[in-house]
>>> print(open('upload38.tsv').read())   # TSV, C-alpha atoms and all ligand atoms
chain	number	residue	atom	x	y	z
A	1	MET	CA	9.04	-20.63	-13.82
A	2	LYS	CA	6.07	-19.48	-15.89
A	3	LYS	CA	6.45	-16.03	-17.40
A	4	ILE	CA	3.92	-13.51	-16.28
A	5	ASN	CA	2.30	-10.68	-18.20
A	6	GLY	CA	-0.16	-7.90	-17.47
A	7	GLU	CA	-3.20	-9.75	-18.80
A	8	THR	CA	-2.50	-12.75	-16.57
A	9	ILE	CA	-2.09	-10.57	-13.49
A	10	LEU	CA	-5.34	-8.77	-14.26
A	11	ARG	CA	-7.19	-12.04	-14.78
A	12	LYS	CA	-5.77	-13.89	-11.77
A	13	LEU	CA	-6.06	-11.03	-9.31
A	14	GLY	CA	-9.41	-9.99	-10.80
A	15	GLU	CA	-10.78	-13.46	-10.02
A	16	ALA	CA	-9.33	-13.49	-6.51
A	17	ILE	CA	-10.10	-9.94	-5.39
A	18	MET	CA	-13.46	-8.26	-5.18
A	19	LEU	CA	-12.70	-4.57	-5.59
A	20	ASP	CA	-14.83	-2.47	-3.30
A	21	GLU	CA	-15.75	0.36	-5.67
A	22	GLU	CA	-17.38	2.33	-2.84
A	23	ARG	CA	-14.07	2.65	-1.05
A	24	PHE	CA	-12.71	4.65	-3.96
A	25	GLN	CA	-15.79	6.76	-4.47
A	26	PRO	CA	-14.69	9.59	-2.13
A	27	LEU	CA	-11.47	9.89	-4.11
A	28	ARG	CA	-13.37	10.18	-7.40
A	29	SER	CA	-15.97	12.63	-6.13
A	30	ARG	CA	-13.50	15.12	-4.65
A	31	SER	CA	-12.40	18.17	-6.58
A	32	VAL	CA	-8.76	18.22	-7.67
A	33	PHE	CA	-8.05	20.83	-5.01
A	34	GLU	CA	-9.66	18.67	-2.32
A	35	MET	CA	-7.60	15.70	-3.45
A	36	LEU	CA	-4.43	17.74	-3.12
A	37	VAL	CA	-5.41	19.00	0.32
A	38	ALA	CA	-6.21	15.45	1.44
A	39	THR	CA	-2.87	14.22	0.15
A	40	ILE	CA	-0.95	16.90	2.00
A	41	LEU	CA	-2.89	16.23	5.19
A	42	SER	CA	-2.31	12.48	4.90
A	43	GLN	CA	1.48	12.77	4.96
A	44	ASN	CA	3.03	11.13	8.04
A	45	THR	CA	-0.26	10.22	9.65
A	46	SER	CA	-2.89	7.45	9.63
A	47	ASP	CA	-5.94	7.25	7.33
A	48	LYS	CA	-8.14	7.66	10.39
A	49	ASN	CA	-6.46	10.91	11.41
A	50	THR	CA	-6.60	12.21	7.87
A	51	ALA	CA	-10.34	11.52	7.61
A	52	ARG	CA	-10.95	13.28	10.94
A	53	THR	CA	-8.86	16.28	9.92
A	54	ILE	CA	-10.58	16.63	6.55
A	55	ARG	CA	-13.97	16.53	8.28
A	56	ARG	CA	-12.94	19.21	10.71
A	57	LEU	CA	-11.38	21.40	8.03
A	58	ARG	CA	-14.52	21.14	5.91
A	59	GLU	CA	-16.77	22.06	8.84
A	60	THR	CA	-14.69	24.94	10.16
A	61	ILE	CA	-13.04	26.60	7.17
A	62	GLY	CA	-14.13	24.78	4.03
A	63	ILE	CA	-11.90	23.13	1.45
A	64	THR	CA	-11.71	25.56	-1.45
A	65	PRO	CA	-8.77	27.68	-2.60
A	66	GLN	CA	-10.69	30.80	-1.53
A	67	SER	CA	-11.63	29.58	1.96
A	68	ILE	CA	-8.12	28.37	2.75
A	69	SER	CA	-6.50	31.47	1.32
A	70	ASN	CA	-8.82	33.73	3.38
A	71	ALA	CA	-8.45	31.78	6.63
A	72	GLY	CA	-6.06	33.05	9.28
A	73	LEU	CA	-2.92	30.95	9.70
A	74	LEU	CA	-3.72	30.24	13.36
A	75	GLU	CA	-7.27	29.25	12.51
A	76	LEU	CA	-6.01	26.90	9.81
A	77	LYS	CA	-3.41	25.33	12.11
A	78	SER	CA	-6.09	24.72	14.71
A	79	ALA	CA	-8.41	23.08	12.15
A	80	ILE	CA	-5.76	20.63	10.97
A	81	ARG	CA	-4.05	20.07	14.31
A	82	SER	CA	-4.96	16.38	14.47
A	83	SER	CA	-3.05	15.57	11.27
A	84	GLY	CA	0.39	16.17	12.81
A	85	LEU	CA	3.10	18.50	11.45
A	86	TYR	CA	0.31	21.06	11.29
A	87	ASN	CA	2.64	24.09	11.28
A	88	VAL	CA	4.29	22.98	8.06
A	89	LYS	CA	1.08	21.62	6.49
A	90	ALA	CA	-0.83	24.86	7.17
A	91	ARG	CA	1.83	26.88	5.35
A	92	VAL	CA	1.86	24.45	2.41
A	93	LEU	CA	-1.95	24.61	2.15
A	94	LYS	CA	-1.89	28.41	2.16
A	95	LYS	CA	0.74	28.49	-0.55
A	96	LEU	CA	-1.16	25.94	-2.63
A	97	ALA	CA	-4.43	27.89	-2.34
A	98	ARG	CA	-2.72	31.12	-3.42
A	99	ILE	CA	-1.12	29.47	-6.47
A	100	VAL	CA	-4.42	27.90	-7.55
A	101	ILE	CA	-6.18	31.26	-7.30
A	102	LYS	CA	-3.40	33.11	-9.10
A	103	ASN	CA	-2.67	30.62	-11.90
A	104	TYR	CA	-6.05	28.92	-12.39
A	105	GLY	CA	-8.54	31.56	-11.24
A	106	GLY	CA	-9.44	29.27	-8.32
A	107	ASN	CA	-10.65	26.48	-10.62
A	108	PHE	CA	-8.07	23.77	-10.48
A	109	GLU	CA	-10.15	21.33	-12.56
A	110	LYS	CA	-8.70	23.20	-15.56
A	111	VAL	CA	-5.42	21.35	-15.10
A	112	LEU	CA	-7.17	18.13	-16.16
A	113	GLU	CA	-8.01	19.61	-19.57
A	114	LYS	CA	-4.32	19.70	-20.48
A	115	PRO	CA	-2.40	16.84	-22.13
A	116	LEU	CA	-1.05	14.26	-19.69
A	117	ASP	CA	2.60	15.33	-19.60
A	118	GLU	CA	1.80	19.02	-19.29
A	119	ALA	CA	-0.80	18.44	-16.54
A	120	ARG	CA	1.62	16.16	-14.71
A	121	ARG	CA	4.40	18.75	-14.87
A	122	GLU	CA	2.12	21.47	-13.55
A	123	LEU	CA	0.85	19.33	-10.69
A	124	MET	CA	4.37	18.31	-9.71
A	125	SER	CA	5.49	21.94	-9.61
A	126	LEU	CA	3.05	22.60	-6.74
A	127	PRO	CA	4.15	22.53	-3.10
A	128	GLY	CA	3.68	19.13	-1.46
A	129	VAL	CA	2.94	17.34	-4.76
A	130	GLY	CA	5.21	14.53	-5.90
A	131	PRO	CA	4.82	12.14	-8.84
A	132	LYS	CA	2.60	9.68	-6.98
A	133	THR	CA	0.10	12.35	-5.95
A	134	ALA	CA	0.11	13.82	-9.44
A	135	ASP	CA	-0.53	10.39	-10.97
A	136	VAL	CA	-3.34	9.57	-8.51
A	137	ILE	CA	-5.11	12.81	-9.40
A	138	LEU	CA	-4.59	12.39	-13.12
A	139	LEU	CA	-5.80	8.79	-13.12
A	140	PHE	CA	-8.71	9.03	-10.67
A	141	ALA	CA	-10.01	12.52	-11.33
A	142	GLY	CA	-8.86	13.03	-14.90
A	143	GLY	CA	-9.10	9.50	-16.31
A	144	LYS	CA	-5.62	10.01	-17.82
A	145	LYS	CA	-3.46	7.09	-18.84
A	146	THR	CA	-0.90	7.08	-16.08
A	147	PHE	CA	0.09	4.60	-13.38
A	148	PRO	CA	0.49	5.76	-9.76
A	149	ILE	CA	2.88	3.67	-7.71
A	150	ASP	CA	2.51	3.47	-3.96
A	151	THR	CA	4.45	1.28	-1.56
A	152	HIS	CA	2.22	-1.78	-2.21
A	153	VAL	CA	2.48	-1.47	-5.99
A	154	PHE	CA	6.26	-1.10	-5.71
A	155	ARG	CA	6.64	-4.17	-3.48
A	156	VAL	CA	4.35	-6.51	-5.43
A	157	SER	CA	5.80	-5.42	-8.78
A	158	ARG	CA	9.36	-5.99	-7.59
A	159	ARG	CA	8.55	-9.43	-6.22
A	160	LEU	CA	6.89	-10.42	-9.48
A	161	GLY	CA	9.89	-9.14	-11.43
A	162	LEU	CA	7.85	-6.52	-13.31
A	163	ILE	CA	10.29	-3.84	-12.17
A	164	GLY	CA	13.88	-3.91	-10.93
A	165	LEU	CA	15.02	-3.61	-7.32
A	166	LYS	CA	16.67	-0.27	-7.97
A	167	ASP	CA	14.13	1.21	-10.34
A	168	SER	CA	13.19	4.80	-9.60
A	169	TYR	CA	9.57	5.91	-9.50
A	170	GLU	CA	9.75	7.05	-13.12
A	171	ASP	CA	11.45	3.83	-14.29
A	172	ALA	CA	8.84	1.72	-12.52
A	173	ARG	CA	5.97	3.80	-13.88
A	174	GLY	CA	7.28	3.42	-17.43
A	175	LYS	CA	7.61	-0.37	-17.07
A	176	LEU	CA	4.16	-0.84	-15.54
A	177	MET	CA	2.62	1.33	-18.25
A	178	LYS	CA	4.11	-1.09	-20.78
A	179	THR	CA	3.09	-4.19	-18.81
A	180	PHE	CA	-0.62	-3.37	-18.58
A	181	PRO	CA	-2.99	-2.28	-21.35
A	182	PRO	CA	-3.70	1.48	-20.99
A	183	GLU	CA	-7.43	0.97	-20.50
A	184	SER	CA	-6.69	-1.20	-17.46
A	185	TYR	CA	-4.35	1.12	-15.53
A	186	LEU	CA	-6.92	2.02	-12.88
A	187	LYS	CA	-7.97	-1.58	-12.34
A	188	ALA	CA	-4.36	-2.84	-12.33
A	189	HIS	CA	-3.33	-0.15	-9.84
A	190	LEU	CA	-6.22	-1.01	-7.49
A	191	LEU	CA	-5.68	-4.77	-7.78
A	192	LEU	CA	-1.96	-4.50	-7.00
A	193	ILE	CA	-2.71	-2.36	-3.95
A	194	GLU	CA	-5.33	-4.79	-2.65
A	195	HIS	CA	-3.03	-7.74	-3.31
A	196	GLY	CA	-0.24	-5.98	-1.42
A	197	ARG	CA	-2.54	-5.22	1.50
A	198	LYS	CA	-4.24	-8.57	1.81
A	199	THR	CA	-1.77	-11.20	0.53
A	200	CYS	CA	1.64	-9.86	-0.45
A	201	GLY	CA	2.42	-8.05	2.79
A	202	ALA	CA	5.83	-6.53	3.45
A	203	ARG	CA	6.83	-8.86	6.28
A	204	ARG	CA	4.76	-12.01	5.96
A	205	PRO	CA	3.51	-12.54	2.44
A	206	LEU	CA	0.91	-15.31	2.27
A	207	CYS	CA	2.62	-16.97	-0.68
A	208	SER	CA	1.21	-20.48	-0.19
A	209	GLY	CA	-2.29	-19.19	-0.93
A	210	CYS	CA	-1.30	-16.66	-3.60
A	211	VAL	CA	-2.84	-16.99	-7.06
A	212	LEU	CA	0.40	-15.70	-8.60
A	213	LEU	CA	2.76	-18.16	-6.87
A	214	GLU	CA	3.48	-20.19	-10.02
A	215	TYR	CA	4.87	-17.02	-11.66
A	216	CYS	CA	6.71	-15.62	-8.67
A	217	SER	CA	10.29	-16.70	-7.93
A	218	PHE	CA	10.40	-14.49	-4.83
A	219	GLY	CA	7.36	-16.30	-3.40
A	220	GLN	CA	8.71	-19.74	-4.23
A	221	GLU	CA	12.07	-18.93	-2.60
A	222	PHE	CA	10.28	-17.49	0.40
A	223	LEU	CA	8.32	-20.72	0.90
A	224	LYS	CA	11.46	-22.86	0.49
A	225	ARG	CA	13.27	-20.82	3.13
A	226	LYS	CA	10.30	-21.12	5.44
A	227	THR	CA	10.11	-24.94	5.16
A	228	ARG	CA	13.89	-25.20	5.73
A	229	LYS	CA	13.63	-23.47	9.09
A	230	PRO	CA	13.69	-25.85	12.07
B	301	LIG	S1	3.77	-15.46	-4.35
B	301	LIG	FE1	4.15	-14.31	-2.47
B	301	LIG	S2	5.65	-12.75	-3.00
B	301	LIG	FE2	4.78	-13.53	-4.93
B	301	LIG	S3	3.10	-12.13	-5.39
B	301	LIG	FE3	2.24	-13.84	-4.26
B	301	LIG	S4	2.26	-13.21	-2.11
B	301	LIG	FE4	3.62	-11.84	-3.24
>>> encode(input="upload38.tsv", output="structure tokens", more="lines below")
Ligand code: SF4
Amino acid sequence: MKKINGETILRKLGEAIMLDEERFQPLRSRSVFEMLVATILSQNTSDKNTARTIRRLRETIGITPQSISNAGLLELKSAIRSSGLYNVKARVLKKLARIVIKNYGGNFEKVLEKPLDEARRELMSLPGVGPKTADVILLFAGGKKTFPIDTHVFRVSRRLGLIGLKDSYEDARGKLMKTFPPESYLKAHLLLIEHGRKTCGARRPLCSGCVLLEYCSFGQEFLKRKTRKP
């Protein structure tokens, strides 16, 4: 089995996958507060529902700490109804808006001026914000050197042996930050997600056509098992 490294993954996946920069533009152009709101609204619902809810919230109330803090709870619930769990989400959004006004004077972009670890700690102390959300914001909006890990990144990295089966989020983040050069974190993150979506799916990975097959013992075993089946 050939040993794989970050540079090889970047090169192989970079040749195979055309990253659609426009798809990530909305994420980059949002304010930090909007990104947090979108993340909270996206929990336990589809991308389509989230997009619809964000549109409605923007049109009816607005997506700023002030507008959400000033909105009535019932009005807010009604605006985000289509995202599911709207009772809980409305309360979380209210709390978040109040904290941003109180601690940051309503300008949450300030958090990005802080050093990575401090900014990460502050983001993760907010309601509804876990490590993945914090890392997405820090990488996409702040250009910080961190590596967000979603379900696709976890799966592909495990199969390639970059991280262990039982690694926690923090363990996996540390290993991937060592695997890839810091200036490539954004690209590596996006390539692993696209690879997980298009080729290395959870149930039926398309290993026979995968550009990383020669480095992937999971994929080779998977194909052997498949050919053994009657
Ligand atoms: S060979 Fe299969 S399991 Fe390995 S990375 Fe490619 S698609 Fe995923």
>>> residues_near_ligand(input="upload38.tsv", ligand="ligand LIG 301 (chain B)", cutoff="9 Å", atoms="all atoms listed in the file", output="JSON list (two decimals) with C-alpha atoms, keeping the file's coordinate frame")
[["chain", "number", "residue", "atom", "x", "y", "z"],
["A", 155, "ARG", "CA", 6.64, -4.17, -3.48],
["A", 156, "VAL", "CA", 4.35, -6.51, -5.43],
["A", 157, "SER", "CA", 5.80, -5.42, -8.78],
["A", 158, "ARG", "CA", 9.36, -5.99, -7.59],
["A", 159, "ARG", "CA", 8.55, -9.43, -6.22],
["A", 160, "LEU", "CA", 6.89, -10.42, -9.48],
["A", 195, "HIS", "CA", -3.03, -7.74, -3.31],
["A", 196, "GLY", "CA", -0.24, -5.98, -1.42],
["A", 198, "LYS", "CA", -4.24, -8.57, 1.81],
["A", 199, "THR", "CA", -1.77, -11.20, 0.53],
["A", 200, "CYS", "CA", 1.64, -9.86, -0.45],
["A", 201, "GLY", "CA", 2.42, -8.05, 2.79],
["A", 202, "ALA", "CA", 5.83, -6.53, 3.45],
["A", 204, "ARG", "CA", 4.76, -12.01, 5.96],
["A", 205, "PRO", "CA", 3.51, -12.54, 2.44],
["A", 206, "LEU", "CA", 0.91, -15.31, 2.27],
["A", 207, "CYS", "CA", 2.62, -16.97, -0.68],
["A", 208, "SER", "CA", 1.21, -20.48, -0.19],
["A", 209, "GLY", "CA", -2.29, -19.19, -0.93],
["A", 210, "CYS", "CA", -1.30, -16.66, -3.60],
["A", 211, "VAL", "CA", -2.84, -16.99, -7.06],
["A", 212, "LEU", "CA", 0.40, -15.70, -8.60],
["A", 213, "LEU", "CA", 2.76, -18.16, -6.87],
["A", 214, "GLU", "CA", 3.48, -20.19, -10.02],
["A", 215, "TYR", "CA", 4.87, -17.02, -11.66],
["A", 216, "CYS", "CA", 6.71, -15.62, -8.67],
["A", 217, "SER", "CA", 10.29, -16.70, -7.93],
["A", 218, "PHE", "CA", 10.40, -14.49, -4.83],
["A", 219, "GLY", "CA", 7.36, -16.30, -3.40],
["A", 220, "GLN", "CA", 8.71, -19.74, -4.23],
["A", 221, "GLU", "CA", 12.07, -18.93, -2.60],
["A", 222, "PHE", "CA", 10.28, -17.49, 0.40],
["A", 223, "LEU", "CA", 8.32, -20.72, 0.90]]
>>> atom_distance(input="upload38.tsv", atom1="CA of Gly142 (chain A)", atom2="CA of Leu112 (chain A)")
5.5 Å
>>> residues_around(input="upload38.tsv", residues="Ala51 (chain A)", least_positions_apart="6", cutoff="12 Å", atoms="all atoms listed in the file", output="short mmCIF file (atom, residue, chain, number, x, y, z; two decimals) with C-alpha atoms, keeping the file's coordinate frame")
data_model
loop_
_atom_site.label_atom_id
_atom_site.label_comp_id
_atom_site.auth_asym_id
_atom_site.auth_seq_id
_atom_site.Cartn_x
_atom_site.Cartn_y
_atom_site.Cartn_z
CA PRO A 26 -14.69 9.59 -2.13
CA LEU A 27 -11.47 9.89 -4.11
CA VAL A 37 -5.41 19.00 0.32
CA ALA A 38 -6.21 15.45 1.44
CA THR A 39 -2.87 14.22 0.15
CA LEU A 41 -2.89 16.23 5.19
CA SER A 42 -2.31 12.48 4.90
CA THR A 45 -0.26 10.22 9.65
CA LEU A 57 -11.38 21.40 8.03
CA ARG A 58 -14.52 21.14 5.91
CA ILE A 80 -5.76 20.63 10.97
CA SER A 82 -4.96 16.38 14.47
CA SER A 83 -3.05 15.57 11.27
#
>>> closest_residue(input="upload38.tsv", among="A:Val32, A:Ile68, A:Val136, A:Ala16", to="Asp150 (chain A)", atoms="all atoms listed in the file")
A:Val136
>>> residues_near_point(input="upload38.tsv", point="(-11.5, 20.3, -16.9)", cutoff="12 Å", atoms="all atoms listed in the file", output="PyMOL selection string")
chain A and resi 31-32+104+107-115+119+138+141-144
>>> build_atoms(input="upload38.tsv", residues="region 136-154 of chain A", atoms="N, CA and C atoms", output="mmCIF file, in the coordinates of the input")
data_model
loop_
_atom_site.group_PDB
_atom_site.id
_atom_site.type_symbol
_atom_site.label_atom_id
_atom_site.label_comp_id
_atom_site.auth_asym_id
_atom_site.auth_seq_id
_atom_site.Cartn_x
_atom_site.Cartn_y
_atom_site.Cartn_z
ATOM 1 N N VAL A 136 -2.042 9.949 -9.096
ATOM 2 C CA VAL A 136 -3.340 9.570 -8.510
ATOM 3 C C VAL A 136 -4.423 10.519 -9.002
ATOM 4 N N ILE A 137 -4.125 11.805 -8.963
ATOM 5 C CA ILE A 137 -5.110 12.810 -9.400
ATOM 6 C C ILE A 137 -5.422 12.655 -10.884
ATOM 7 N N LEU A 138 -4.380 12.479 -11.674
ATOM 8 C CA LEU A 138 -4.590 12.390 -13.120
ATOM 9 C C LEU A 138 -5.371 11.130 -13.512
ATOM 10 N N LEU A 139 -5.106 10.033 -12.798
ATOM 11 C CA LEU A 139 -5.800 8.790 -13.120
ATOM 12 C C LEU A 139 -7.239 8.795 -12.585
ATOM 13 N N PHE A 140 -7.393 9.130 -11.306
ATOM 14 C CA PHE A 140 -8.710 9.030 -10.670
ATOM 15 C C PHE A 140 -9.640 10.162 -11.080
ATOM 16 N N ALA A 141 -9.123 11.381 -11.043
ATOM 17 C CA ALA A 141 -10.010 12.520 -11.330
ATOM 18 C C ALA A 141 -10.049 12.847 -12.810
ATOM 19 N N GLY A 142 -8.922 12.612 -13.494
ATOM 20 C CA GLY A 142 -8.860 13.030 -14.900
ATOM 21 C C GLY A 142 -9.016 11.882 -15.888
ATOM 22 N N GLY A 143 -9.001 10.645 -15.405
ATOM 23 C CA GLY A 143 -9.100 9.500 -16.310
ATOM 24 C C GLY A 143 -7.941 9.438 -17.295
ATOM 25 N N LYS A 144 -6.780 10.009 -16.904
ATOM 26 C CA LYS A 144 -5.620 10.010 -17.820
ATOM 27 C C LYS A 144 -4.894 8.673 -17.734
ATOM 28 N N LYS A 145 -4.155 8.372 -18.789
ATOM 29 C CA LYS A 145 -3.460 7.090 -18.840
ATOM 30 C C LYS A 145 -2.105 7.183 -18.151
ATOM 31 N N THR A 146 -2.135 7.076 -16.847
ATOM 32 C CA THR A 146 -0.900 7.080 -16.080
ATOM 33 C C THR A 146 -1.023 6.050 -14.967
ATOM 34 N N PHE A 147 0.097 5.713 -14.330
ATOM 35 C CA PHE A 147 0.090 4.600 -13.380
ATOM 36 C C PHE A 147 0.732 5.032 -12.054
ATOM 37 N N PRO A 148 -0.086 5.366 -11.057
ATOM 38 C CA PRO A 148 0.490 5.760 -9.760
ATOM 39 C C PRO A 148 1.102 4.548 -9.061
ATOM 40 N N ILE A 149 2.208 4.782 -8.383
ATOM 41 C CA ILE A 149 2.880 3.670 -7.710
ATOM 42 C C ILE A 149 3.057 3.996 -6.238
ATOM 43 N N ASP A 150 2.334 3.277 -5.405
ATOM 44 C CA ASP A 150 2.510 3.470 -3.960
ATOM 45 C C ASP A 150 3.392 2.325 -3.436
ATOM 46 N N THR A 151 3.531 2.272 -2.137
ATOM 47 C CA THR A 151 4.450 1.280 -1.560
ATOM 48 C C THR A 151 4.029 -0.158 -1.862
ATOM 49 N N HIS A 152 2.699 -0.418 -1.906
ATOM 50 C CA HIS A 152 2.220 -1.780 -2.210
ATOM 51 C C HIS A 152 2.523 -2.145 -3.669
ATOM 52 N N VAL A 153 2.248 -1.197 -4.563
ATOM 53 C CA VAL A 153 2.480 -1.470 -5.990
ATOM 54 C C VAL A 153 3.973 -1.719 -6.234
ATOM 55 N N PHE A 154 4.806 -0.916 -5.584
ATOM 56 C CA PHE A 154 6.260 -1.100 -5.710
ATOM 57 C C PHE A 154 6.661 -2.512 -5.271
#
